[in-house]
Amino acid sequence: MHKKLLHYIASNIRLTEKDIALIEKYFEPVLYPKNRILEEAGKVPQYLYYIVSGYLRLFHYNENGDEVTTHINCPPGFFTAYFNFINQTRADENVECVTDCELLRITKDDLDRLTAESDVMKDFSIRVFQQSITYNENRSKELATLTAEQRYVKLIQNYPDILHNVPVQYIASFLGMKAESLSRIRRKLMNDHK
């Protein structure tokens with residue numbers, strides 16, 4: 001399972017044998033079933049996950065008790081309640097497996113050790129954090145400026161596999177709409193393409 005992570009990192013940065021050994025030492029391979037909560041709201045996130053395969057989501061409950069999905073991964077990549085993991089504070093969101101998942105996980109202490117022992121991994125982890133911030137800024141902008149249909153079209157253009165792996169209600173919530181609205185948009189797009 002480490003091979004995919006090593007390939008992902010090596011596509012950006014040259015890894016030495018020492019770096020590879022450290023990554024393999026600190027990232028623990030784990031398998032989780034669909035619908036498993038990995039990190040609970042109200043607790044400090046224990047792990048940063050690298051997704052080898054599968055889909056994860058971040059979600060919380062709104063004031064009406066409805067689930068609100070704020071993030072769905074599109075593999076490959078890292079996943080957790082980032083801000084809370086980095087700062088070791090209580091998260092207000094849950095991390096859940098949407099599908100069966102193959103993951104590599106690392107604790108905050110081990111991540112700190114890894115970045116202290118490897119300059120390459122220190123640079124890489126800063127880059128990952130910057131990508132997370134950029135992603136969240138772009139997502140906020142898209143929710144504010146794109147129509148629901150535009151958000152949906154962009155998602156399926158960039159991540160076509162998401163439709164086959166993630167339930168519609170999670171995708172709708174992630175896109176900031178009700179499942180019925182997403183169904184209407186999907187029907188309209190299908191009719192437009194006939």
# chains A, B, ... in the order shown; residues from 1 in each chain; ligands from 1
$ select_by_dssp --residues "range 21-82 of chain A" --states "strand (DSSP E)" --output "MDAnalysis selection string"
chainID A and resid 28:32 37:39 47:53 56:61 67:72 77:79
$ select_by_dssp --residues "range 8-151 of chain A" --states "alpha helix (DSSP H)" --output "ChimeraX atom specification"
/A:8-10,17-26,82-87,108-117,119-145,148-151
$ residues_around --residues "range 170-187 of chain A" --least-positions-apart "3" --cutoff "6 Å" --atoms "only C-alpha atoms" --output "list in words"
Val68, Thr69, Thr70, Pro167 and Met190 of chain A
$ write_last_selection --atoms "C-alpha atoms" --output "CSV table (one decimal), in the first residue's frame"
chain,number,residue,atom,x,y,z
A,68,VAL,CA,-24.2,18.3,6.0
A,69,THR,CA,-21.3,16.9,3.9
A,70,THR,CA,-18.5,19.5,3.7
A,167,PRO,CA,-24.5,8.3,-2.6
A,190,MET,CA,-29.7,14.0,-19.5
$ residues_around --residues "Leu22 in chain A" --least-positions-apart "4" --cutoff "7 Å" --atoms "only C-alpha atoms" --output "PDB file with all heavy atoms, in the first residue's frame"
ATOM      1  N   LYS A  18      16.473   6.961   2.475  1.00  0.00           N
ATOM      2  CA  LYS A  18      16.151   7.304   3.864  1.00  0.00           C
ATOM      3  C   LYS A  18      14.708   7.817   3.976  1.00  0.00           C
ATOM      4  O   LYS A  18      13.959   7.420   4.874  1.00  0.00           O
ATOM      5  CB  LYS A  18      17.138   8.365   4.379  1.00  0.00           C
ATOM      6  CG  LYS A  18      16.858   8.812   5.807  1.00  0.00           C
ATOM      7  CD  LYS A  18      17.683  10.030   6.189  1.00  0.00           C
ATOM      8  CE  LYS A  18      17.164  10.601   7.496  1.00  0.00           C
ATOM      9  NZ  LYS A  18      17.238  12.047   7.586  1.00  0.00           N
ATOM     10  N   TYR A  26       6.557   5.344   9.368  1.00  0.00           N
ATOM     11  CA  TYR A  26       5.560   6.155  10.085  1.00  0.00           C
ATOM     12  C   TYR A  26       4.125   6.032   9.574  1.00  0.00           C
ATOM     13  O   TYR A  26       3.185   6.290  10.321  1.00  0.00           O
ATOM     14  CB  TYR A  26       5.977   7.630  10.103  1.00  0.00           C
ATOM     15  CG  TYR A  26       7.142   7.904  11.021  1.00  0.00           C
ATOM     16  CD1 TYR A  26       8.320   8.448  10.549  1.00  0.00           C
ATOM     17  CD2 TYR A  26       7.051   7.607  12.385  1.00  0.00           C
ATOM     18  CE1 TYR A  26       9.394   8.711  11.407  1.00  0.00           C
ATOM     19  CE2 TYR A  26       8.112   7.853  13.239  1.00  0.00           C
ATOM     20  CZ  TYR A  26       9.278   8.407  12.750  1.00  0.00           C
ATOM     21  OH  TYR A  26      10.324   8.653  13.594  1.00  0.00           O
ATOM     22  N   LEU A 114       8.487  12.667  11.488  1.00  0.00           N
ATOM     23  CA  LEU A 114       8.830  12.467  10.083  1.00  0.00           C
ATOM     24  C   LEU A 114       9.346  13.761   9.454  1.00  0.00           C
ATOM     25  O   LEU A 114      10.370  13.761   8.766  1.00  0.00           O
ATOM     26  CB  LEU A 114       7.597  11.956   9.317  1.00  0.00           C
ATOM     27  CG  LEU A 114       7.714  11.781   7.805  1.00  0.00           C
ATOM     28  CD1 LEU A 114       8.808  10.786   7.441  1.00  0.00           C
ATOM     29  CD2 LEU A 114       6.380  11.316   7.225  1.00  0.00           C
TER      30      LEU A 114
END
$ closest_residue --among "A:Glu137, A:Glu39, A:Asp112, A:Glu102" --to "Arg57 in chain A" --atoms "only C-alpha atoms"
A:Glu39
$ residues_around --residues "range 116-122 of chain A" --least-positions-apart "5" --cutoff "9 Å" --atoms "only C-alpha atoms" --output "list in words"
Ile9, Ile13, Arg14, Leu15, Thr16, Lys18, Asp19, Leu22, Ile23, Leu111 and Arg127 of chain A
$ write_last_selection --atoms "all heavy atoms" --output "mmCIF file, in the first residue's frame"
data_model
loop_
_atom_site.group_PDB
_atom_site.id
_atom_site.type_symbol
_atom_site.label_atom_id
_atom_site.label_comp_id
_atom_site.auth_asym_id
_atom_site.auth_seq_id
_atom_site.Cartn_x
_atom_site.Cartn_y
_atom_site.Cartn_z
ATOM 1 N N ILE A 9 4.105 11.116 -3.735
ATOM 2 C CA ILE A 9 5.088 12.085 -3.222
ATOM 3 C C ILE A 9 6.190 12.297 -4.260
ATOM 4 O O ILE A 9 6.593 13.427 -4.534
ATOM 5 C CB ILE A 9 5.681 11.611 -1.875
ATOM 6 C CG1 ILE A 9 4.581 11.552 -0.798
ATOM 7 C CG2 ILE A 9 6.811 12.539 -1.423
ATOM 8 C CD1 ILE A 9 4.986 10.850 0.489
ATOM 9 N N ILE A 13 8.482 15.466 -5.676
ATOM 10 C CA ILE A 13 9.758 15.626 -4.967
ATOM 11 C C ILE A 13 10.589 14.355 -5.135
ATOM 12 O O ILE A 13 10.034 13.258 -5.159
ATOM 13 C CB ILE A 13 9.469 15.849 -3.450
ATOM 14 C CG1 ILE A 13 8.724 17.172 -3.234
ATOM 15 C CG2 ILE A 13 10.745 15.834 -2.646
ATOM 16 C CD1 ILE A 13 8.250 17.396 -1.826
ATOM 17 N N ARG A 14 11.922 14.509 -5.208
ATOM 18 C CA ARG A 14 12.803 13.341 -5.292
ATOM 19 C C ARG A 14 13.025 12.761 -3.902
ATOM 20 O O ARG A 14 13.415 13.463 -2.973
ATOM 21 C CB ARG A 14 14.146 13.738 -5.925
ATOM 22 C CG ARG A 14 14.660 12.644 -6.830
ATOM 23 C CD ARG A 14 15.888 13.049 -7.616
ATOM 24 N NE ARG A 14 16.907 12.041 -7.419
ATOM 25 C CZ ARG A 14 17.837 12.099 -6.473
ATOM 26 N NH1 ARG A 14 17.910 13.108 -5.662
ATOM 27 N NH2 ARG A 14 18.734 11.141 -6.347
ATOM 28 N N LEU A 15 12.750 11.466 -3.754
ATOM 29 C CA LEU A 15 12.891 10.796 -2.460
ATOM 30 C C LEU A 15 14.200 10.007 -2.397
ATOM 31 O O LEU A 15 14.564 9.340 -3.360
ATOM 32 C CB LEU A 15 11.728 9.822 -2.236
ATOM 33 C CG LEU A 15 10.343 10.432 -2.058
ATOM 34 C CD1 LEU A 15 9.285 9.338 -2.071
ATOM 35 C CD2 LEU A 15 10.265 11.226 -0.768
ATOM 36 N N THR A 16 14.852 10.083 -1.242
ATOM 37 C CA THR A 16 16.043 9.268 -1.014
ATOM 38 C C THR A 16 15.604 7.952 -0.369
ATOM 39 O O THR A 16 14.447 7.817 0.059
ATOM 40 C CB THR A 16 17.017 9.974 -0.052
ATOM 41 O OG1 THR A 16 16.377 10.095 1.233
ATOM 42 C CG2 THR A 16 17.409 11.363 -0.563
ATOM 43 N N LYS A 18 16.473 6.961 2.475
ATOM 44 C CA LYS A 18 16.151 7.304 3.864
ATOM 45 C C LYS A 18 14.708 7.817 3.976
ATOM 46 O O LYS A 18 13.959 7.420 4.874
ATOM 47 C CB LYS A 18 17.138 8.365 4.379
ATOM 48 C CG LYS A 18 16.858 8.812 5.807
ATOM 49 C CD LYS A 18 17.683 10.030 6.189
ATOM 50 C CE LYS A 18 17.164 10.601 7.496
ATOM 51 N NZ LYS A 18 17.238 12.047 7.586
ATOM 52 N N ASP A 19 14.332 8.704 3.052
ATOM 53 C CA ASP A 19 12.953 9.238 3.056
ATOM 54 C C ASP A 19 11.942 8.099 2.917
ATOM 55 O O ASP A 19 10.944 8.053 3.635
ATOM 56 C CB ASP A 19 12.748 10.232 1.901
ATOM 57 C CG ASP A 19 13.612 11.475 2.027
ATOM 58 O OD1 ASP A 19 13.807 11.956 3.156
ATOM 59 O OD2 ASP A 19 14.090 11.966 0.983
ATOM 60 N N LEU A 22 11.620 6.127 6.086
ATOM 61 C CA LEU A 22 10.871 6.880 7.109
ATOM 62 C C LEU A 22 9.371 6.878 6.822
ATOM 63 O O LEU A 22 8.555 6.693 7.730
ATOM 64 C CB LEU A 22 11.384 8.324 7.194
ATOM 65 C CG LEU A 22 12.764 8.518 7.823
ATOM 66 C CD1 LEU A 22 13.260 9.944 7.606
ATOM 67 C CD2 LEU A 22 12.730 8.192 9.319
ATOM 68 N N ILE A 23 9.009 7.070 5.558
ATOM 69 C CA ILE A 23 7.588 7.063 5.173
ATOM 70 C C ILE A 23 6.979 5.699 5.499
ATOM 71 O O ILE A 23 5.893 5.610 6.081
ATOM 72 C CB ILE A 23 7.429 7.415 3.676
ATOM 73 C CG1 ILE A 23 7.785 8.888 3.446
ATOM 74 C CG2 ILE A 23 6.009 7.124 3.187
ATOM 75 C CD1 ILE A 23 8.044 9.253 1.993
ATOM 76 N N LEU A 111 3.937 12.453 12.462
ATOM 77 C CA LEU A 111 4.117 13.401 11.369
ATOM 78 C C LEU A 111 5.182 14.428 11.749
ATOM 79 O O LEU A 111 6.047 14.768 10.934
ATOM 80 C CB LEU A 111 2.795 14.104 11.030
ATOM 81 C CG LEU A 111 2.846 15.094 9.863
ATOM 82 C CD1 LEU A 111 3.239 14.399 8.560
ATOM 83 C CD2 LEU A 111 1.509 15.805 9.696
ATOM 84 N N ARG A 127 3.431 21.767 1.481
ATOM 85 C CA ARG A 127 2.731 21.841 0.195
ATOM 86 C C ARG A 127 1.314 21.259 0.311
ATOM 87 O O ARG A 127 0.359 21.826 -0.208
ATOM 88 C CB ARG A 127 3.526 21.081 -0.872
ATOM 89 C CG ARG A 127 2.963 21.271 -2.260
ATOM 90 C CD ARG A 127 3.757 20.542 -3.294
ATOM 91 N NE ARG A 127 5.111 21.064 -3.388
ATOM 92 C CZ ARG A 127 6.019 20.602 -4.234
ATOM 93 N NH1 ARG A 127 5.723 19.602 -5.041
ATOM 94 N NH2 ARG A 127 7.216 21.127 -4.282
#
$ residues_around --residues "Glu24 in chain A" --least-positions-apart "2" --cutoff "12 Å" --atoms "only C-alpha atoms" --output "list in words"
Met1, His2, Lys3, Lys4, Leu5, Leu6, Glu17, Lys18, Asp19, Ile20, Ala21, Leu22, Tyr26, Phe27, Glu28, Pro29, Leu104, Arg105, Ile106, Asp110 and Leu114 of chain A
$ write_last_selection --atoms "N, CA and C atoms" --output "CSV table (one decimal), in the first residue's frame"
chain,number,residue,atom,x,y,z
A,1,MET,N,0.8,-1.2,0.0
A,1,MET,CA,0.0,0.0,0.0
A,1,MET,C,0.9,1.3,0.0
A,2,HIS,N,2.1,1.2,0.5
A,2,HIS,CA,2.9,2.3,0.5
A,2,HIS,C,3.3,2.8,-0.8
A,3,LYS,N,3.3,1.9,-1.8
A,3,LYS,CA,3.8,2.2,-3.2
A,3,LYS,C,3.1,3.4,-3.8
A,4,LYS,N,1.7,3.4,-3.6
A,4,LYS,CA,0.9,4.5,-4.1
A,4,LYS,C,1.3,5.8,-3.5
A,5,LEU,N,1.5,5.8,-2.2
A,5,LEU,CA,1.9,7.1,-1.5
A,5,LEU,C,3.3,7.5,-2.0
A,6,LEU,N,4.2,6.6,-2.0
A,6,LEU,CA,5.5,6.9,-2.5
A,6,LEU,C,5.5,7.5,-3.9
A,17,GLU,N,16.5,7.0,-0.3
A,17,GLU,CA,16.2,5.7,0.4
A,17,GLU,C,15.8,6.0,1.9
A,18,LYS,N,16.5,7.0,2.5
A,18,LYS,CA,16.2,7.3,3.9
A,18,LYS,C,14.7,7.8,4.0
A,19,ASP,N,14.3,8.7,3.1
A,19,ASP,CA,13.0,9.2,3.1
A,19,ASP,C,11.9,8.1,2.9
A,20,ILE,N,12.2,7.2,2.0
A,20,ILE,CA,11.3,6.1,1.7
A,20,ILE,C,11.2,5.2,3.0
A,21,ALA,N,12.3,4.9,3.6
A,21,ALA,CA,12.3,4.1,4.9
A,21,ALA,C,11.5,4.8,6.0
A,22,LEU,N,11.6,6.1,6.1
A,22,LEU,CA,10.9,6.9,7.1
A,22,LEU,C,9.4,6.9,6.8
A,26,TYR,N,6.6,5.3,9.4
A,26,TYR,CA,5.6,6.2,10.1
A,26,TYR,C,4.1,6.0,9.6
A,27,PHE,N,3.9,5.7,8.3
A,27,PHE,CA,2.6,5.5,7.8
A,27,PHE,C,2.1,4.1,8.0
A,28,GLU,N,1.0,3.9,8.7
A,28,GLU,CA,0.5,2.6,9.1
A,28,GLU,C,-0.6,2.2,8.1
A,29,PRO,N,-0.5,1.1,7.4
A,29,PRO,CA,-1.6,0.6,6.5
A,29,PRO,C,-2.8,0.1,7.3
A,104,LEU,N,-3.5,4.7,4.5
A,104,LEU,CA,-2.3,4.8,5.3
A,104,LEU,C,-2.5,5.9,6.3
A,105,ARG,N,-2.2,5.7,7.5
A,105,ARG,CA,-2.5,6.8,8.5
A,105,ARG,C,-1.3,7.1,9.3
A,106,ILE,N,-1.2,8.3,9.8
A,106,ILE,CA,-0.1,8.8,10.6
A,106,ILE,C,-0.6,9.7,11.7
A,110,ASP,N,3.9,11.4,15.0
A,110,ASP,CA,4.7,10.8,14.0
A,110,ASP,C,4.9,11.7,12.8
A,114,LEU,N,8.5,12.7,11.5
A,114,LEU,CA,8.8,12.5,10.1
A,114,LEU,C,9.3,13.8,9.5
$ atom_distance --atom1 "CA of Phe59 in chain A" --atom2 "CA of Phe83 in chain A"
14.5 Å
$ closest_atom_pairs --of "range 90-164 of chain A" --to "range 35-38 of chain A" --cutoff "10 Å" --atoms "only C-alpha atoms" --output "Markdown table"
| residue | atom | partner | partner_atom | distance |
| --- | --- | --- | --- | --- |
| A:Asn94 | CA | A:Ile37 | CA | 6.8 |
| A:Val95 | CA | A:Leu38 | CA | 5.4 |
| A:Glu96 | CA | A:Ile37 | CA | 4.3 |
| A:Cys97 | CA | A:Asn35 | CA | 5.1 |
| A:Val98 | CA | A:Asn35 | CA | 5.5 |
| A:Thr99 | CA | A:Asn35 | CA | 6.8 |
| A:Asp100 | CA | A:Asn35 | CA | 8.0 |
| A:Cys101 | CA | A:Arg36 | CA | 9.6 |
$ closest_residue --among "A:Ile72, A:Ala10, A:Ile156, A:Val168" --to "Tyr135 in chain A" --atoms "only C-alpha atoms"
A:Ile72
$ atom_distance --atom1 "CA of Gln131 in chain A" --atom2 "CA of Tyr82 in chain A"
11.2 Å
$ closest_residue --among "A:His71, A:Lys25, A:Arg90, A:His7" --to "Pro45 in chain A" --atoms "only C-alpha atoms"
A:Arg90
$ closest_residue --among "A:Gln150, A:Gln169, A:Arg139, A:Lys108" --to "Asn87 in chain A" --atoms "only C-alpha atoms"
A:Lys108
